[in-house]
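*Asks:* Input file: start_17.txt. Contents: compact mmCIF, C-alpha atoms and all ligand atoms.
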```txt
# COMPACT_ATOMS: atom_id res chain seq x y z
CA MET A 149 12.32 11.83 14.25
CA LYS A 150 10.90 8.30 14.16
CA TYR A 151 9.83 6.63 10.96
CA TYR A 152 7.37 3.78 10.53
CA ALA A 153 6.03 1.70 7.64
CA ILE A 154 2.63 0.04 7.82
CA ILE A 155 2.64 -2.71 5.20
CA VAL A 156 -0.91 -3.91 4.62
CA GLY A 157 -1.19 -7.51 3.48
CA GLY A 158 -4.51 -8.53 4.98
CA GLY A 159 -6.45 -9.01 1.73
CA SER A 160 -7.54 -12.33 0.25
CA GLY A 161 -6.77 -11.48 -3.39
CA LYS A 162 -10.15 -12.34 -4.95
CA ARG A 163 -9.22 -10.86 -8.33
CA MET A 164 -6.04 -12.94 -8.43
CA GLN A 165 -8.11 -16.15 -8.19
CA ASN A 166 -5.38 -18.19 -6.53
CA VAL A 167 -5.82 -20.35 -3.42
CA ILE A 168 -2.74 -18.67 -1.96
CA ALA A 169 -3.18 -14.94 -1.27
CA LYS A 170 -1.10 -12.93 -3.78
CA GLN A 171 1.19 -11.36 -1.14
CA PHE A 172 2.58 -14.86 -0.45
CA LEU A 173 2.98 -15.99 -4.10
CA LEU A 174 6.51 -16.41 -5.41
CA LEU A 175 8.06 -13.64 -7.45
CA LYS A 176 11.52 -14.66 -8.69
CA ASN A 177 11.73 -17.45 -6.07
CA LYS A 178 10.73 -15.30 -3.09
CA PRO A 179 7.28 -14.35 -1.69
CA VAL A 180 6.01 -11.00 -3.01
CA LEU A 181 5.79 -9.60 0.54
CA MET A 182 9.50 -10.21 1.19
CA HIS A 183 10.42 -8.02 -1.81
CA THR A 184 8.13 -5.29 -0.48
CA ILE A 185 9.53 -5.32 3.07
CA SER A 186 13.12 -5.43 1.76
CA ALA A 187 12.56 -2.19 -0.20
CA PHE A 188 11.60 -0.41 3.05
CA ILE A 189 14.46 -1.91 5.03
CA SER A 190 16.94 -0.57 2.44
CA CYS A 191 15.66 2.99 2.97
CA SER A 192 18.09 5.25 4.89
CA PHE A 193 15.24 6.44 7.16
CA LYS A 194 15.29 2.95 8.73
CA PRO A 195 11.55 2.71 9.34
CA GLU A 196 10.11 0.34 11.93
CA ILE A 197 8.03 -2.21 10.03
CA ILE A 198 4.45 -2.88 11.09
CA LEU A 199 3.14 -5.82 9.09
CA VAL A 200 -0.62 -6.34 8.93
CA LEU A 201 -1.80 -9.86 8.04
CA HIS A 202 -4.95 -11.91 8.54
CA PRO A 203 -4.65 -13.66 11.95
CA ASP A 204 -5.14 -17.11 10.31
CA LEU A 205 -2.01 -16.51 8.23
CA HIS A 206 0.42 -15.32 10.90
CA GLN A 207 1.90 -18.78 11.40
CA TYR A 208 1.97 -19.41 7.64
CA TRP A 209 4.04 -16.21 7.23
CA LYS A 210 6.38 -17.12 10.11
CA ASP A 211 6.98 -20.52 8.46
CA LEU A 212 7.77 -18.76 5.16
CA CYS A 213 10.27 -16.52 6.97
CA LEU A 214 12.06 -19.61 8.30
CA LYS A 215 11.98 -21.31 4.93
CA TYR A 216 13.39 -18.28 3.08
CA ASP A 217 15.78 -17.21 5.85
CA PHE A 218 14.01 -13.85 6.14
CA ASP A 219 15.04 -12.38 9.49
CA ILE A 220 14.10 -8.70 9.17
CA PRO A 221 12.44 -7.46 12.41
CA TYR A 222 8.77 -6.44 12.23
CA LEU A 223 5.70 -6.12 14.43
CA LEU A 224 2.90 -8.44 13.32
CA VAL A 225 -0.66 -7.05 13.61
CA ASN A 226 -4.11 -8.49 12.82
CA ALA A 227 -5.77 -7.34 9.59
CA GLY A 228 -9.35 -6.08 9.50
CA GLU A 229 -12.34 -6.76 7.26
CA GLN A 230 -11.48 -3.84 4.89
CA ARG A 231 -8.13 -2.22 4.06
CA PHE A 232 -9.28 0.77 6.17
CA TYR A 233 -9.42 -1.40 9.31
CA SER A 234 -6.09 -3.06 8.51
CA VAL A 235 -4.36 0.33 8.32
CA ARG A 236 -6.15 1.48 11.47
CA ASN A 237 -5.01 -1.63 13.39
CA GLY A 238 -1.42 -0.97 12.31
CA LEU A 239 -1.64 2.69 13.24
CA MET A 240 -3.00 1.90 16.70
CA THR A 241 0.31 0.17 17.58
CA ILE A 242 2.25 3.45 17.14
CA LYS A 243 2.36 5.41 20.39
CA GLY A 244 4.45 8.54 19.70
CA GLU A 245 4.80 11.04 16.85
CA GLY A 246 6.85 10.84 13.67
CA ILE A 247 6.27 9.99 10.02
CA VAL A 248 4.46 6.88 8.83
CA ALA A 249 4.31 5.48 5.31
CA VAL A 250 1.43 3.17 4.39
CA HIS A 251 2.17 0.72 1.59
CA ASP A 252 0.36 -2.18 -0.10
CA ALA A 253 2.11 -5.51 0.47
CA VAL A 254 1.35 -6.27 -3.17
CA ARG A 255 3.46 -3.43 -4.62
CA PRO A 256 6.83 -5.22 -4.43
CA LEU A 257 8.55 -3.19 -7.18
CA VAL A 258 8.51 0.11 -5.30
CA SER A 259 11.98 1.66 -5.32
CA THR A 260 13.83 2.57 -2.15
CA SER A 261 14.40 6.08 -3.55
CA LEU A 262 10.64 6.67 -3.89
CA ILE A 263 10.09 5.48 -0.30
CA CYS A 264 12.77 7.88 0.97
CA ARG A 265 11.31 10.75 -1.05
CA ALA A 266 7.85 10.09 0.44
CA TYR A 267 9.27 10.30 4.00
CA GLU A 268 11.21 13.48 3.15
CA VAL A 269 8.25 15.30 1.60
CA ALA A 270 5.81 14.20 4.33
CA GLU A 271 8.20 15.56 6.94
CA GLU A 272 8.34 18.89 5.11
CA LYS A 273 4.70 19.23 4.02
CA GLY A 274 2.61 16.95 6.27
CA ASN A 275 1.92 14.21 3.73
CA ALA A 276 3.17 12.81 0.42
CA ILE A 277 0.90 10.80 -1.87
CA THR A 278 2.43 9.06 -4.90
CA TYR A 279 0.76 9.21 -8.32
CA ILE A 280 1.33 8.55 -12.01
CA LYS A 281 -0.38 10.13 -15.01
CA PRO A 282 -2.82 7.96 -16.99
CA SER A 283 -1.51 6.91 -20.40
CA ASP A 284 -4.84 5.54 -21.72
CA SER A 285 -7.83 7.65 -22.73
CA VAL A 286 -10.53 7.81 -20.07
CA ARG A 287 -14.33 7.87 -20.39
CA LYS A 288 -17.03 8.31 -17.74
CA ILE A 289 -19.90 5.85 -17.93
CA LYS A 290 -23.21 7.77 -18.00
CA SER A 291 -25.62 4.86 -18.44
CA GLU A 292 -25.62 1.37 -19.99
CA THR A 293 -25.50 2.90 -23.49
CA GLU A 294 -23.76 6.22 -22.93
CA SER A 295 -20.24 7.32 -22.04
CA LYS A 296 -18.38 10.63 -22.23
CA ILE A 297 -14.70 11.43 -22.75
CA VAL A 298 -12.93 12.88 -19.72
CA ASN A 299 -9.87 15.11 -19.99
CA ARG A 300 -7.11 12.81 -18.74
CA ASP A 301 -4.89 15.81 -18.03
CA ASP A 302 -7.22 16.49 -15.07
CA LEU A 303 -6.66 12.99 -13.63
CA VAL A 304 -3.92 11.10 -11.83
CA LEU A 305 -3.69 7.47 -10.71
CA ILE A 306 -2.84 7.09 -7.05
CA GLN A 307 -0.28 4.59 -5.74
CA THR A 308 1.31 3.75 -2.43
CA PRO A 309 3.53 4.59 -0.55
CA GLN A 310 1.47 7.34 1.04
CA ALA A 311 3.38 9.00 3.89
CA PHE A 312 1.95 11.20 6.64
CA GLU A 313 2.75 12.97 9.86
CA ILE A 314 1.37 10.44 12.33
CA SER A 315 -0.95 13.07 13.88
CA GLN A 316 -2.64 13.58 10.45
CA LEU A 317 -3.14 9.87 9.86
CA ARG A 318 -4.51 9.45 13.40
CA LYS A 319 -7.08 12.23 12.85
CA GLY A 320 -8.11 10.56 9.60
CA TYR A 321 -8.53 7.13 11.11
CA GLN A 322 -10.65 8.46 14.00
CA GLN A 323 -13.46 8.77 11.41
CA HIS A 324 -16.00 6.06 10.67
CA TYR A 325 -15.34 3.84 7.65
CA LYS A 326 -16.87 4.92 4.32
CA THR A 327 -16.80 2.78 1.14
CA LYS A 328 -15.21 5.70 -0.74
CA PHE A 329 -12.12 5.41 1.50
CA THR A 330 -10.12 3.37 -1.03
CA ASP A 331 -6.75 4.71 0.14
CA ASP A 332 -5.24 6.68 3.02
CA ALA A 333 -5.21 10.03 1.19
CA SER A 334 -9.02 9.87 0.89
CA VAL A 335 -9.28 9.30 4.66
CA VAL A 336 -6.89 12.13 5.59
CA GLU A 337 -8.49 14.52 3.06
CA LYS A 338 -11.94 13.92 4.60
CA ALA A 339 -10.46 14.88 7.98
CA GLY A 340 -9.66 18.32 6.48
CA PHE A 341 -6.01 18.05 5.41
CA LYS A 342 -4.64 19.22 2.04
CA ILE A 343 -3.23 16.37 -0.04
CA ASN A 344 0.27 16.80 -1.40
CA LEU A 345 0.99 14.74 -4.52
CA ILE A 346 4.46 13.51 -5.51
CA GLU A 347 5.36 11.66 -8.69
CA GLY A 348 5.35 7.88 -8.28
CA GLU A 349 6.71 5.18 -10.58
CA ARG A 350 5.16 3.33 -13.54
CA HIS A 351 6.78 0.06 -12.48
CA ASN A 352 5.30 0.34 -8.96
CA LEU A 353 2.38 -1.80 -10.05
CA LYS A 354 -0.18 -3.28 -7.68
CA ILE A 355 -0.32 -7.03 -8.24
CA THR A 356 -4.06 -7.50 -8.69
CA TYR A 357 -4.66 -9.89 -11.63
CA PRO A 358 -2.66 -13.02 -12.65
CA GLU A 359 -0.92 -11.16 -15.55
CA ASP A 360 0.45 -8.61 -13.06
CA LEU A 361 2.63 -11.23 -11.39
CA GLU A 362 4.11 -12.23 -14.75
CA LEU A 363 4.75 -8.59 -15.59
CA ALA A 364 6.36 -7.98 -12.19
CA SER A 365 8.78 -10.85 -12.72
CA PHE A 366 9.89 -9.27 -16.04
CA LEU A 367 10.31 -5.87 -14.39
CA LEU A 368 12.13 -7.05 -11.27
CA LYS A 369 15.85 -6.36 -11.60
N1 LIG A 401 -8.96 -6.25 4.51
C1 LIG A 401 -7.88 -5.91 3.82
C2 LIG A 401 -7.94 -5.78 2.40
C3 LIG A 401 -6.79 -5.45 1.69
N2 LIG A 401 -5.63 -5.29 2.38
C4 LIG A 401 -4.38 -5.01 1.64
O1 LIG A 401 -4.50 -3.81 0.88
C5 LIG A 401 -3.69 -3.88 -0.29
C6 LIG A 401 -4.47 -3.44 -1.54
O2 LIG A 401 -5.62 -4.25 -1.64
P1 LIG A 401 -6.01 -5.17 -2.88
O3 LIG A 401 -5.03 -5.08 -3.96
O4 LIG A 401 -7.44 -4.91 -3.19
O5 LIG A 401 -5.86 -6.64 -2.24
P2 LIG A 401 -6.97 -7.72 -1.98
O6 LIG A 401 -8.05 -7.14 -1.14
O7 LIG A 401 -6.22 -8.89 -1.45
O8 LIG A 401 -7.47 -8.05 -3.47
P3 LIG A 401 -8.97 -8.26 -4.00
O9 LIG A 401 -9.63 -6.89 -3.88
O10 LIG A 401 -8.78 -8.71 -5.42
O11 LIG A 401 -9.62 -9.30 -3.13
C7 LIG A 401 -3.19 -5.33 -0.40
O12 LIG A 401 -1.83 -5.39 -0.06
C8 LIG A 401 -4.07 -6.08 0.58
O13 LIG A 401 -3.44 -7.21 1.17
C9 LIG A 401 -5.58 -5.41 3.76
O14 LIG A 401 -4.52 -5.25 4.36
N3 LIG A 401 -6.73 -5.72 4.44
C1 LIG A 402 -4.35 2.04 -1.99
C2 LIG A 402 -4.38 1.83 -3.48
O1 LIG A 402 -3.39 0.91 -3.87
C3 LIG A 402 -4.04 3.15 -4.16
O2 LIG A 402 -4.07 2.98 -5.54
C4 LIG A 402 -5.71 1.33 -3.98
O3 LIG A 402 -6.71 2.27 -3.74
C5 LIG A 402 -6.10 -0.02 -3.37
O4 LIG A 402 -7.31 -0.44 -3.99
P1 LIG A 402 -7.83 -1.93 -3.85
O5 LIG A 402 -9.14 -2.00 -4.52
O6 LIG A 402 -7.88 -2.18 -2.37
O7 LIG A 402 -6.83 -2.77 -4.57
```
Please express what this file holds, its structure, as structure tokens.

*Replies:*
Amino acid sequence: MKYYAIIVGGGSGKRMQNVIAKQFLLLKNKPVLMHTISAFISCSFKPEIILVLHPDLHQYWKDLCLKYDFDIPYLLVNAGEQRFYSVRNGLMTIKGEGIVAVHDAVRPLVSTSLICRAYEVAEEKGNAITYIKPSDSVRKIKSETESKIVNRDDLVLIQTPQAFEISQLRKGYQQHYKTKFTDDASVVEKAGFKINLIEGERHNLKITYPEDLELASFLLK
């Protein structure tokens, strides 16, 4: 069986409000993206890394690799306008069958054991989508002045990695883009596949806002 990891780092990080995209910012003296790739490389499944970055930043990344002595092999692919197109571009480089995990470049604290578990479960059940339970109360906004409590026991928060049999992910990404496709599970589900949830990790945070980077540096062992 062949294993792949599509690491999507083609976003511009608007919510982070930094001139440098968040995947390249330093976390404990090393770019965020290097922590993320290293977690996959440590996994015993030895996935081939497909790294998706904006074409204007390919050289910038290669220079960072030289500067930080980062010599892990990867295939570099052009990002698209939305995350959907970035994943699709990565997927199009895979020719055969196997298991592929899709992961956000900006989730550098993912553990190697969670990555391995996602590959294992996807191989057994077709896909494995990581989640955590919400710890805050949740309300649905009805109008500008009205909101209603929602039973949080009915909800989960979805993370990456999300691992799939490659044939499932291919079927999903043959569809046209829809704005509600905010992750890969939503794409694969729309193509008719049952989604199989596995427990993720609270520390597997997605660096989105400036405070998240500070928090990540506290959490990084
Ligand atoms: N066109 C895009 C948009 C996003 N991503 C990647 O998808 C992951 C999750 O996206 P998000 O956290 O929203 O990143 P940004 O789009 O960079 O952030 P923002 O929405 O604040 O601009 C990130 O690793 C991001 O680089 C991507 O590969 N291609
Ligand atoms: C894929 C994802 O990280 C799962 O939680 C999330 O949907 C990405 O959302 P974003 O708005 O692109 O950050």

*Asks:* Residues near range 167-177 of chain A, anyone? I mean within 7 Å using only C-alpha atoms, not counting same-chain ones fewer than 4 positions away, as a list in words.

*Replies:* Gly157, Ser160, Gly161, Leu181, Ala253, Val254 and Ser365 of chain A

*Asks:* Could you list, as a PyMOL selection string, all residues that come within 6 Å of ligand LIG 401 (chain A)? Count all atoms listed in the file.

*Replies:* chain A and resi 156-164+227-231+234+252-254+356

*Asks:* So, with only C-alpha atoms as the atoms that count, which of A:Arg236, A:Lys296, A:Lys342, A:Lys319 lies closest to Lys273 in chain A?

*Replies:*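 So, comparing all the options, the nearest one is A:Lys342.
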
*Asks:* Which is closer to Asp301 in chain A than all the others in A:Ser285, A:Thr260, A:Thr241, A:Gln207, using only C-alpha atoms?

*Replies:*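 The shortest atom-to-atom distance to Asp301 in chain A comes from A:Ser285.
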
*Asks:* Could you list, as a PyMOL selection string, every residue within 12 Å of Lys328 in chain A, counting all atoms listed in the file and ignoring same-chain residues fewer than 3 positions away?

*Replies:* chain A and resi 230-232+324-325+331-335+337-338

*Asks:* Please identify all polymer residues within 10 Å of Val304 in chain A, counting all atoms listed in the file, omitting same-chain residues fewer than 5 positions from it, and present them as JSON, numbers by chain.

*Replies:* {"A": [278, 279, 280, 281, 282, 283, 345, 347]}

*Asks:* Once you count all atoms listed in the file, which residues end up within 6 Å of ligand LIG 402 (chain A), and could you hand them over as a ChimeraX atom specification?

*Replies:* /A:306-308,330-331

*Asks:* If you measure from CA of Gly244 in chain A to CA of Asp219 in chain A, what distance in Å do you get, rounded to one decimal?

*Replies:*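 Answer for the CA of Gly244 in chain A to CA of Asp219 in chain A separation: 25.6 Å.
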
*Asks:* Can you pull out every residue within 9 Å of Ser315 in chain A, counting only C-alpha atoms, but drop anything in the same chain fewer than 2 positions away, and send it as a list of chain:residue names?

*Replies:* A:Glu245, A:Gly246, A:Ile247, A:Phe312, A:Glu313, A:Leu317, A:Arg318, A:Lys319, A:Gly320

*Asks:* Measuring between only C-alpha atoms, which one of A:Tyr233, A:Cys213, A:Leu368, A:Gly348 shows the shortest distance to Gln323 in chain A?

*Replies:*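 Of the candidates, the smallest distance to Gln323 in chain A is held by A:Tyr233.
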
*Asks:* Counting all atoms listed in the file, which residues sit no farther than 9 Å from the position (4.1, -7.1, 14.9) in the file's frame? I'd like them as a ChimeraX atom specification.

*Replies:* /A:197-200,221-226,238,241

*Asks:* Let me know the centre plus edge lengths, in Å and rounded to one decimal, of a box with edges along x, y and z that contains all listed atoms of range 243-261 of chain A and is padded by 8 Å on every side, as lines of an AutoDock Vina configuration file.

*Replies:*
```
center_x = 7.4
center_y = 2.4
center_z = 6.6
size_x = 30.0
size_y = 33.3
size_z = 43.6
```

*Asks:* Under the rule that only C-alpha atoms are counted, which of A:Leu205, A:Ala311, A:Ile220, A:Ile185 is the nearest residue to Leu262 in chain A?

*Replies:*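 Selected residue with least distance to Leu262 in chain A: A:Ala311.
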